[in-house]
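Text of input.cif (mmCIF, C-alpha atoms) as supplied:
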data_final
#
loop_
_atom_site.label_atom_id
_atom_site.label_comp_id
_atom_site.auth_asym_id
_atom_site.auth_seq_id
_atom_site.Cartn_x
_atom_site.Cartn_y
_atom_site.Cartn_z
CA MET A 15 -105.29 22.81 -101.40
CA LEU A 16 -102.78 21.55 -98.80
CA MET A 17 -103.90 22.54 -95.32
CA ILE A 18 -101.39 22.55 -92.47
CA SER A 19 -103.10 22.36 -89.09
CA THR A 20 -101.43 23.72 -86.03
CA SER A 21 -102.32 23.35 -82.37
CA ALA A 22 -103.90 26.16 -80.43
CA SER A 23 -100.82 26.69 -78.30
CA GLU A 24 -98.60 27.09 -81.38
CA ARG A 25 -101.03 29.62 -82.94
CA ASN A 26 -101.14 31.62 -79.74
CA LEU A 27 -97.36 31.71 -79.43
CA ARG A 28 -97.10 33.17 -82.97
CA HIS A 29 -100.01 35.61 -82.59
CA PRO A 30 -98.85 39.24 -83.01
CA ASN A 31 -101.40 40.61 -80.56
CA PRO A 32 -100.39 39.76 -76.95
CA GLU A 33 -103.86 40.56 -75.68
CA LEU A 34 -105.25 37.69 -77.73
CA ALA A 35 -102.56 35.22 -76.65
CA ARG A 36 -103.71 32.80 -73.94
CA PRO A 37 -101.47 32.55 -70.87
CA VAL A 38 -99.84 29.22 -70.07
CA HIS A 39 -100.83 27.74 -66.68
CA PHE A 40 -98.81 25.02 -64.88
CA LEU A 41 -100.71 22.30 -63.11
CA PRO A 42 -99.88 21.86 -59.39
CA ALA A 43 -98.23 18.54 -58.36
CA THR A 44 -101.28 17.62 -56.28
CA MET A 45 -103.73 18.06 -59.16
CA THR A 46 -105.19 14.79 -60.40
CA SER A 47 -107.46 16.06 -63.21
CA LEU A 48 -107.95 19.01 -65.54
CA PRO A 49 -110.94 21.39 -64.98
CA MET A 50 -113.76 20.29 -67.26
CA PRO A 51 -117.46 21.32 -67.48
CA ASN A 52 -119.72 19.17 -65.38
CA GLY A 53 -121.12 16.28 -67.35
CA TRP A 54 -118.87 16.84 -70.33
CA THR A 55 -117.44 13.64 -71.80
CA GLY A 56 -116.01 14.92 -75.09
CA PRO A 57 -117.38 15.75 -78.56
CA ASP A 58 -120.27 13.71 -80.01
CA PHE A 59 -119.31 13.36 -83.67
CA ALA A 60 -122.34 11.18 -84.46
CA ALA A 61 -124.73 14.06 -83.59
CA LEU A 62 -123.20 16.44 -86.15
CA PRO A 63 -125.56 17.50 -89.07
CA SER A 64 -125.03 15.67 -92.35
CA GLY A 65 -124.50 18.89 -94.33
CA LEU A 66 -121.44 19.91 -92.30
CA SER A 67 -118.78 21.54 -94.43
CA GLU A 68 -115.31 20.06 -94.91
CA SER A 69 -113.70 22.87 -92.96
CA ALA A 70 -116.10 22.31 -90.06
CA ILE A 71 -115.23 18.62 -90.02
CA GLY A 72 -111.56 19.51 -90.13
CA ASN A 73 -112.03 21.88 -87.25
CA SER A 74 -113.89 19.18 -85.32
CA ARG A 75 -111.06 16.73 -85.92
CA LEU A 76 -108.66 19.40 -84.73
CA GLY A 77 -110.70 19.80 -81.53
CA HIS A 78 -110.56 16.04 -80.97
CA GLN A 79 -106.76 16.16 -81.39
CA ASP A 80 -106.57 18.95 -78.79
CA ILE A 81 -108.53 16.80 -76.34
CA GLU A 82 -106.17 13.85 -76.93
CA ASP A 83 -103.21 16.19 -76.36
CA GLU A 84 -104.75 17.41 -73.11
CA GLU A 85 -105.36 13.82 -71.96
CA PHE A 86 -101.74 12.95 -72.80
CA LEU A 87 -100.54 15.97 -70.84
CA LEU A 88 -102.79 14.99 -67.94
CA ARG A 89 -101.29 11.51 -67.85
CA ALA A 90 -97.80 12.99 -68.07
CA PHE A 91 -98.50 15.39 -65.19
CA ARG A 92 -99.89 12.51 -63.11
CA SER A 93 -96.75 10.47 -63.78
CA PHE A 94 -94.58 13.46 -62.95
CA ALA A 95 -96.51 14.08 -59.71
CA ALA A 96 -96.07 10.42 -58.70
CA ALA A 97 -92.37 10.52 -59.54
CA ALA A 98 -91.95 13.79 -57.66
CA GLY A 99 -93.67 12.32 -54.59
CA SER A 100 -91.46 9.25 -54.67
CA LEU A 101 -88.37 11.41 -55.11
CA GLU A 102 -89.38 13.61 -52.17
CA GLN A 103 -89.87 10.53 -49.99
CA SER A 104 -86.49 9.11 -51.00
CA TYR A 105 -84.84 12.46 -50.34
CA GLY A 106 -86.37 12.56 -46.88
CA MET A 107 -85.07 9.07 -46.14
CA LEU A 108 -81.63 10.07 -47.42
CA ARG A 109 -81.55 13.15 -45.20
CA THR A 110 -82.50 11.04 -42.19
CA GLU A 111 -79.74 8.54 -42.94
CA VAL A 112 -77.17 11.29 -43.50
CA GLU A 113 -78.10 12.86 -40.17
CA ARG A 114 -77.78 9.50 -38.41
CA LEU A 115 -74.36 8.91 -39.95
CA ARG A 116 -73.27 12.43 -39.00
CA ARG A 117 -74.22 11.89 -35.36
CA GLU A 118 -72.51 8.49 -35.35
CA LEU A 119 -69.35 10.00 -36.84
CA GLU A 120 -69.31 12.78 -34.26
CA SER A 121 -69.71 10.23 -31.46
CA ARG A 122 -66.89 8.06 -32.79
CA ASN A 123 -64.63 11.07 -33.23
CA ALA A 124 -65.29 12.08 -29.63
CA ASP A 125 -64.51 8.55 -28.41
CA LEU A 126 -61.36 8.49 -30.50
CA GLU A 127 -60.23 11.82 -29.10
CA GLN A 128 -60.77 10.58 -25.55
CA ALA A 129 -58.90 7.35 -26.31
CA GLN A 130 -55.95 9.29 -27.76
CA ALA A 131 -55.85 11.54 -24.70
CA LYS A 132 -55.93 8.50 -22.42
CA LEU A 133 -53.16 6.86 -24.43
CA ARG A 134 -50.99 9.98 -24.13
CA ARG A 135 -51.52 10.05 -20.36
CA GLU A 136 -50.67 6.36 -20.05
CA GLN A 137 -47.53 6.79 -22.13
CA ALA A 138 -46.42 9.73 -20.00
CA LEU A 139 -47.11 7.75 -16.83
CA ALA A 140 -45.18 4.78 -18.19
CA GLU A 141 -42.16 6.94 -18.98
CA VAL A 142 -42.16 8.54 -15.54
CA SER A 143 -42.64 5.19 -13.82
CA ALA A 144 -39.80 3.60 -15.76
CA VAL A 145 -37.43 6.46 -14.93
CA LEU A 146 -38.29 6.32 -11.24
CA ALA A 147 -37.98 2.53 -11.13
CA HIS A 148 -34.53 2.65 -12.71
CA GLU A 149 -33.42 5.36 -10.30
CA ILE A 150 -34.65 3.33 -7.32
CA ARG A 151 -33.27 -0.02 -8.45
CA ASN A 152 -29.62 1.06 -8.51
CA PRO A 153 -29.35 2.07 -4.82
CA LEU A 154 -31.70 -0.77 -3.91
CA GLY A 155 -29.24 -3.29 -5.30
CA SER A 156 -26.50 -1.86 -3.09
CA LEU A 157 -28.74 -2.06 -0.02
CA GLU A 158 -29.53 -5.72 -0.75
CA LEU A 159 -25.82 -6.46 -1.08
CA PHE A 160 -24.96 -4.80 2.24
CA ALA A 161 -27.87 -6.51 3.97
CA GLY A 162 -26.60 -9.86 2.70
CA LEU A 163 -23.11 -9.11 4.07
CA LEU A 164 -24.59 -8.22 7.45
CA ALA A 165 -26.63 -11.43 7.49
CA ASP A 166 -23.41 -13.45 6.99
CA ALA A 167 -21.55 -11.54 9.70
CA ASP A 168 -21.09 -12.80 13.26
CA LEU A 169 -24.06 -11.04 14.86
CA ASP A 170 -26.14 -11.82 17.90
CA SER A 171 -29.67 -13.12 17.51
CA ASP A 172 -31.36 -9.73 17.87
CA CYS A 173 -29.19 -8.17 15.18
CA ARG A 174 -29.83 -11.11 12.90
CA ASN A 175 -33.55 -10.61 13.32
CA TRP A 176 -33.19 -6.93 12.50
CA VAL A 177 -31.18 -7.76 9.40
CA GLY A 178 -33.86 -10.27 8.42
CA HIS A 179 -36.52 -7.57 8.62
CA VAL A 180 -34.39 -5.27 6.48
CA GLN A 181 -33.90 -8.02 3.88
CA ALA A 182 -37.64 -8.75 3.81
CA GLY A 183 -38.45 -5.11 3.23
CA LEU A 184 -35.82 -4.77 0.53
CA ARG A 185 -37.12 -7.84 -1.31
CA THR A 186 -40.65 -6.50 -1.21
CA LEU A 187 -39.49 -3.15 -2.54
CA SER A 188 -37.41 -4.87 -5.20
CA ALA A 189 -40.44 -6.87 -6.34
CA THR A 190 -42.52 -3.68 -6.66
CA VAL A 191 -39.82 -1.90 -8.68
CA ASN A 192 -39.37 -4.87 -11.00
CA ASN A 193 -43.12 -5.14 -11.52
CA VAL A 194 -43.29 -1.53 -12.66
CA LEU A 195 -40.36 -2.00 -15.04
CA HIS A 196 -41.66 -5.25 -16.47
CA PHE A 197 -45.20 -3.97 -16.85
CA HIS A 198 -44.27 -0.90 -18.88
CA SER A 199 -41.26 -2.33 -20.70
CA LEU A 200 -40.69 -6.04 -21.13
CA PRO A 201 -38.06 -6.73 -23.82
CA GLU A 202 -37.40 -10.18 -25.22
CA PRO A 203 -36.04 -12.60 -22.59
CA GLU A 204 -32.36 -13.47 -22.51
CA ARG A 205 -32.76 -17.23 -22.75
CA GLY A 206 -30.41 -19.83 -21.45
CA PRO A 207 -30.64 -23.33 -19.92
CA VAL A 208 -32.31 -23.08 -16.50
CA ASP A 209 -32.26 -26.05 -14.14
CA LEU A 210 -35.77 -25.92 -12.70
CA GLY A 211 -34.81 -28.03 -9.70
CA GLN A 212 -32.14 -25.53 -8.74
CA LEU A 213 -34.63 -22.70 -9.30
CA LEU A 214 -37.04 -24.19 -6.74
CA ILE A 215 -34.27 -24.68 -4.17
CA TRP A 216 -33.14 -21.08 -4.71
CA ALA A 217 -36.70 -19.83 -4.15
CA ARG A 218 -37.02 -21.76 -0.89
CA ASP A 219 -33.71 -20.44 0.47
CA PHE A 220 -34.44 -16.90 -0.71
CA PHE A 221 -37.79 -16.73 1.08
CA LEU A 222 -36.83 -18.54 4.30
CA PRO A 223 -36.05 -15.36 6.29
CA LEU A 224 -39.28 -13.68 5.16
CA ALA A 225 -41.27 -16.88 5.81
CA ARG A 226 -39.93 -17.15 9.34
CA GLN A 227 -40.83 -13.53 9.96
CA SER A 228 -44.39 -14.24 8.75
CA ARG A 229 -44.57 -17.52 10.73
CA VAL A 230 -45.05 -19.45 7.51
CA ALA A 231 -43.53 -22.86 6.80
CA ILE A 232 -42.13 -23.26 3.29
CA SER A 233 -41.33 -26.56 1.57
CA VAL A 234 -40.34 -27.87 -1.85
CA GLN A 235 -41.60 -30.92 -3.74
CA ASN A 236 -38.81 -31.13 -6.28
CA ARG A 237 -39.42 -33.58 -9.13
CA VAL A 238 -37.64 -31.48 -11.76
CA SER A 239 -34.05 -31.77 -10.63
CA GLY A 240 -31.89 -31.67 -13.74
CA VAL A 241 -34.78 -30.65 -16.02
CA LEU A 242 -33.62 -27.78 -18.23
CA LEU A 243 -35.87 -25.06 -19.61
CA SER A 244 -34.72 -22.52 -22.18
CA ALA A 245 -35.66 -19.38 -20.29
CA ASP A 246 -34.60 -16.10 -18.72
CA ARG A 247 -33.80 -17.16 -15.15
CA HIS A 248 -34.13 -13.68 -13.66
CA ARG A 249 -37.67 -13.37 -14.99
CA LEU A 250 -38.66 -16.79 -13.70
CA GLU A 251 -37.31 -15.69 -10.32
CA GLN A 252 -39.53 -12.61 -10.58
CA VAL A 253 -42.58 -14.83 -11.17
CA LEU A 254 -41.85 -16.95 -8.08
CA LEU A 255 -41.09 -13.80 -6.09
CA ASN A 256 -44.50 -12.30 -6.86
CA LEU A 257 -46.41 -15.52 -6.18
CA VAL A 258 -44.71 -16.30 -2.88
CA LEU A 259 -44.93 -12.70 -1.62
CA ASN A 260 -48.68 -12.70 -2.36
CA ALA A 261 -49.04 -15.94 -0.42
CA LEU A 262 -47.13 -14.60 2.58
CA ARG A 263 -49.15 -11.39 2.63
CA ALA A 264 -52.37 -13.41 2.55
CA MET A 265 -51.37 -15.26 5.73
CA PRO A 266 -50.48 -12.66 8.38
CA GLY A 267 -51.28 -15.17 11.11
CA GLY A 268 -49.02 -17.87 9.71
CA GLY A 269 -49.55 -20.81 7.38
CA TRP A 270 -47.81 -23.01 4.86
CA VAL A 271 -46.43 -22.54 1.31
CA GLU A 272 -45.28 -25.31 -1.00
CA LEU A 273 -43.25 -24.99 -4.20
CA GLY A 274 -43.48 -27.96 -6.53
CA GLY A 275 -42.51 -29.09 -10.00
CA ARG A 276 -42.85 -32.16 -12.24
CA THR A 277 -42.81 -33.10 -15.90
CA ILE A 278 -46.10 -33.77 -17.71
CA GLN A 279 -47.33 -34.80 -21.18
CA ASN A 280 -44.77 -37.60 -21.44
CA GLY A 281 -41.91 -35.23 -20.76
CA ASP A 282 -42.95 -32.66 -23.38
CA ALA A 283 -43.85 -30.02 -20.77
CA VAL A 284 -43.14 -29.08 -17.19
CA MET A 285 -45.49 -27.86 -14.47
CA LEU A 286 -44.54 -25.62 -11.55
CA VAL A 287 -46.97 -24.93 -8.72
CA VAL A 288 -47.15 -22.53 -5.79
CA THR A 289 -49.70 -23.55 -3.15
CA ASP A 290 -50.68 -21.80 0.07
CA THR A 291 -53.11 -22.29 2.94
CA GLY A 292 -54.41 -18.73 2.93
CA PRO A 293 -58.02 -17.51 2.73
CA GLY A 294 -58.30 -18.32 -0.97
CA ILE A 295 -59.76 -16.28 -3.82
CA SER A 296 -63.44 -15.54 -4.32
CA ALA A 297 -65.17 -16.94 -7.38
CA GLU A 298 -65.88 -13.48 -8.81
CA ASP A 299 -62.20 -12.48 -8.53
CA VAL A 300 -60.74 -15.54 -10.26
CA PRO A 301 -61.55 -14.41 -13.86
CA ILE A 302 -59.97 -10.96 -13.34
CA ILE A 303 -57.11 -11.72 -11.00
CA PHE A 304 -54.45 -11.36 -13.72
CA GLU A 305 -55.74 -8.00 -15.01
CA ALA A 306 -53.60 -4.91 -14.50
CA GLY A 307 -54.63 -2.84 -11.50
CA PHE A 308 -56.56 -5.59 -9.76
CA SER A 309 -55.78 -5.96 -6.07
CA ARG A 310 -57.65 -6.55 -2.83
CA ARG A 311 -54.73 -5.21 -0.80
CA SER A 312 -54.81 -1.55 0.09
CA GLY A 313 -51.99 0.45 -1.45
CA SER A 314 -51.00 -2.22 -3.97
CA PRO A 315 -50.64 -1.15 -7.63
CA GLY A 316 -52.02 -4.52 -8.73
CA LEU A 317 -49.24 -5.31 -11.21
CA GLY A 318 -47.64 -8.45 -9.76
CA LEU A 319 -49.89 -11.12 -11.29
CA THR A 320 -50.11 -9.20 -14.56
CA VAL A 321 -46.31 -9.27 -14.80
CA CYS A 322 -46.34 -12.99 -13.97
CA ARG A 323 -48.68 -13.69 -16.86
CA LYS A 324 -46.61 -11.57 -19.25
CA ILE A 325 -43.39 -13.37 -18.36
CA VAL A 326 -44.96 -16.83 -18.53
CA GLU A 327 -46.57 -16.15 -21.90
CA GLN A 328 -43.29 -14.70 -23.16
CA HIS A 329 -41.80 -18.14 -22.55
CA GLY A 330 -44.65 -19.87 -24.40
CA GLY A 331 -46.32 -21.02 -21.20
CA THR A 332 -49.61 -20.59 -19.36
CA ILE A 333 -50.55 -19.61 -15.82
CA ALA A 334 -53.80 -20.41 -14.03
CA VAL A 335 -55.19 -20.28 -10.52
CA GLY A 336 -57.38 -22.69 -8.63
CA SER A 337 -58.94 -21.73 -5.34
CA ARG A 338 -61.78 -22.21 -2.93
CA PRO A 339 -62.61 -19.53 -0.37
CA GLY A 340 -61.11 -20.55 2.94
CA ALA A 341 -59.08 -23.39 1.41
CA GLY A 342 -56.05 -21.57 0.00
CA ALA A 343 -54.96 -21.08 -3.60
CA THR A 344 -52.78 -22.90 -6.11
CA PHE A 345 -51.06 -21.17 -9.03
CA THR A 346 -50.07 -23.54 -11.85
CA LEU A 347 -47.43 -22.68 -14.45
CA ILE A 348 -46.95 -24.90 -17.52
CA PHE A 349 -44.01 -24.51 -19.93
CA PRO A 350 -43.29 -26.53 -23.08
CA LEU A 351 -39.93 -28.30 -23.09
CA VAL A 352 -37.90 -28.04 -26.31
CA GLY A 353 -35.47 -30.90 -26.98
CA PRO A 354 -34.64 -33.91 -24.82
CA LEU A 355 -34.31 -33.70 -21.06
CA VAL A 356 -30.88 -33.63 -19.47
CA ALA A 357 -29.47 -37.12 -19.13
CA GLY A 358 -29.68 -38.42 -15.61
CA ALA A 359 -32.54 -36.16 -14.56
CA ALA A 360 -33.78 -37.55 -11.32
CA GLU A 361 -37.05 -37.33 -9.50
CA GLY A 362 -36.85 -36.57 -5.84
CA VAL A 363 -38.24 -34.65 -2.94
CA ALA A 364 -36.36 -31.85 -1.20
CA GLU A 365 -37.75 -30.13 1.85
#

Serialized structure, structure tokens:
Amino acid sequence: MLMISTSASERNLRHPNPELARPVHFLPATMTSLPMPNGWTGPDFAALPSGLSESAIGNSRLGHQDIEDEEFLLRAFRSFAAAAGSLEQSYGMLRTEVERLRRELESRNADLEQAQAKLRREQALAEVSAVLAHEIRNPLGSLELFAGLLADADLDSDCRNWVGHVQAGLRTLSATVNNVLHFHSLPEPERGPVDLGQLLIWARDFFLPLARQSRVAISVQNRVSGVLLSADRHRLEQVLLNLVLNALRAMPGGGWVELGGRTIQNGDAVMLVVTDTGPGISAEDVPIIFEAGFSRRSGSPGLGLTVCRKIVEQHGGTIAVGSRPGAGATFTLIFPLVGPLVAGAAEGVAE
């Protein structure tokens, strides 16, 4: 006879009487062993009587198979519990990382929003400043023209002094307006050949009235006569205007300013310098002196040196400052020269 053995769970599932069917219990994840009688280690097949029937032996083998199935299930549940614990730990780590990334994203979004708001305010301020500067510059140009005509007129000494004061004030105001315009909007320079020797002489003559008013002597060491630089002359004038005005303001009790220029690097570059005998610049201010908004003078917008650096760099040059407190300051501008120097360029000194 062919006997088909079935497990206890299969027989129970097919049993027509639900009262005789055994309920299925799930092991908790923390359970590490099945409930067994104390001291029980499994069936002892060697202790069975020798006259045991074939069906009894079959039933005993079936009981041994059930025990092996239970041990297999136990190992499976242990593996599942270990996997579930590892998964729970990984999920916890993932939640922690997601929370960290969420907080970081919120912080960056807040910073970005603040930066965008600041940028909008700066753009609005730049537009207003540019409009005001343009509106001021037009009548300012007329005032400078009329002041120049008065200075050339046949006036007595007192009137000439008054005109000199007016010219000094107009030049200071003009420098401030130009700084605002150049800081917020600095288009490409309109280049042309600029005789650097003539530029230094112009600067000396332009500042003489203001220098006399400030009791400052001004001189020129001109070793670049005839040296041409491809540049925007008006912007180079603005650089010298800012540097000399700063020097004059730093010496209310009088002093000395020198403008100088010479070729360097075997004629491949030119160096212009503005030196004064003022109080100098502190060591902590030197690294930040060209930053926008920096100023030690009350009421100054702190744009002059920033504009100087922009203009110089626009021409492919560099600007630097050397100073010792109490020993004055020297601003050095270096520009590369493109092409040969003008024939007949002479070195000389003009004071």

### Task
Would you translate the PyMOL selection byres ((chain A and resi 296) around 9) into the concrete set of residues it matches in this file, as a VMD selection string?
chain A and resid 294 to 295 297 to 300 337 to 339

How would the residues just picked look written out with C-alpha atoms as a compact mmCIF listing (two decimals), in the frame of the given file?
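To be explicit, this is the file written out as selection-v2.txt:
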# COMPACT_ATOMS: atom_id res chain seq x y z
CA GLY A 294 -58.30 -18.32 -0.97
CA ILE A 295 -59.76 -16.28 -3.82
CA ALA A 297 -65.17 -16.94 -7.38
CA GLU A 298 -65.88 -13.48 -8.81
CA ASP A 299 -62.20 -12.48 -8.53
CA VAL A 300 -60.74 -15.54 -10.26
CA SER A 337 -58.94 -21.73 -5.34
CA ARG A 338 -61.78 -22.21 -2.93
CA PRO A 339 -62.61 -19.53 -0.37

### Task
Could you expand the PyMOL selection byres ((chain A and resi 284) around 8) into the explicit residues it covers here, written as a PyMOL selection string?
chain A and resi 275-278+281-283+285-286+348-351

How would the residues just picked look written out with C-alpha atoms as a CSV table (one decimal), in the coordinates of the input?
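Writing done, so here's again_38.csv:
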chain,number,residue,atom,x,y,z
A,275,GLY,CA,-42.5,-29.1,-10.0
A,276,ARG,CA,-42.8,-32.2,-12.2
A,277,THR,CA,-42.8,-33.1,-15.9
A,278,ILE,CA,-46.1,-33.8,-17.7
A,281,GLY,CA,-41.9,-35.2,-20.8
A,282,ASP,CA,-43.0,-32.7,-23.4
A,283,ALA,CA,-43.8,-30.0,-20.8
A,285,MET,CA,-45.5,-27.9,-14.5
A,286,LEU,CA,-44.5,-25.6,-11.6
A,348,ILE,CA,-47.0,-24.9,-17.5
A,349,PHE,CA,-44.0,-24.5,-19.9
A,350,PRO,CA,-43.3,-26.5,-23.1
A,351,LEU,CA,-39.9,-28.3,-23.1

### Query
CA of Ile325 (chain A) to CA of Ile150 (chain A): how many Å, to one decimal?
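Interatomic distance here is 21.8 Å.
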
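The closest residue to Pro207 (chain A), picked from A:Leu224, A:Val335, A:Val180, A:Leu242 and counting only C-alpha atoms, is A:Leu242.
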
### Summary
CA of Pro266 (chain A) to CA of Ser228 (chain A) measures 6.3 Å

### Query
Expressed in Å to a single decimal, how great is the separation between CA of Arg185 (chain A) and CA of Arg218 (chain A)?
13.9 Å
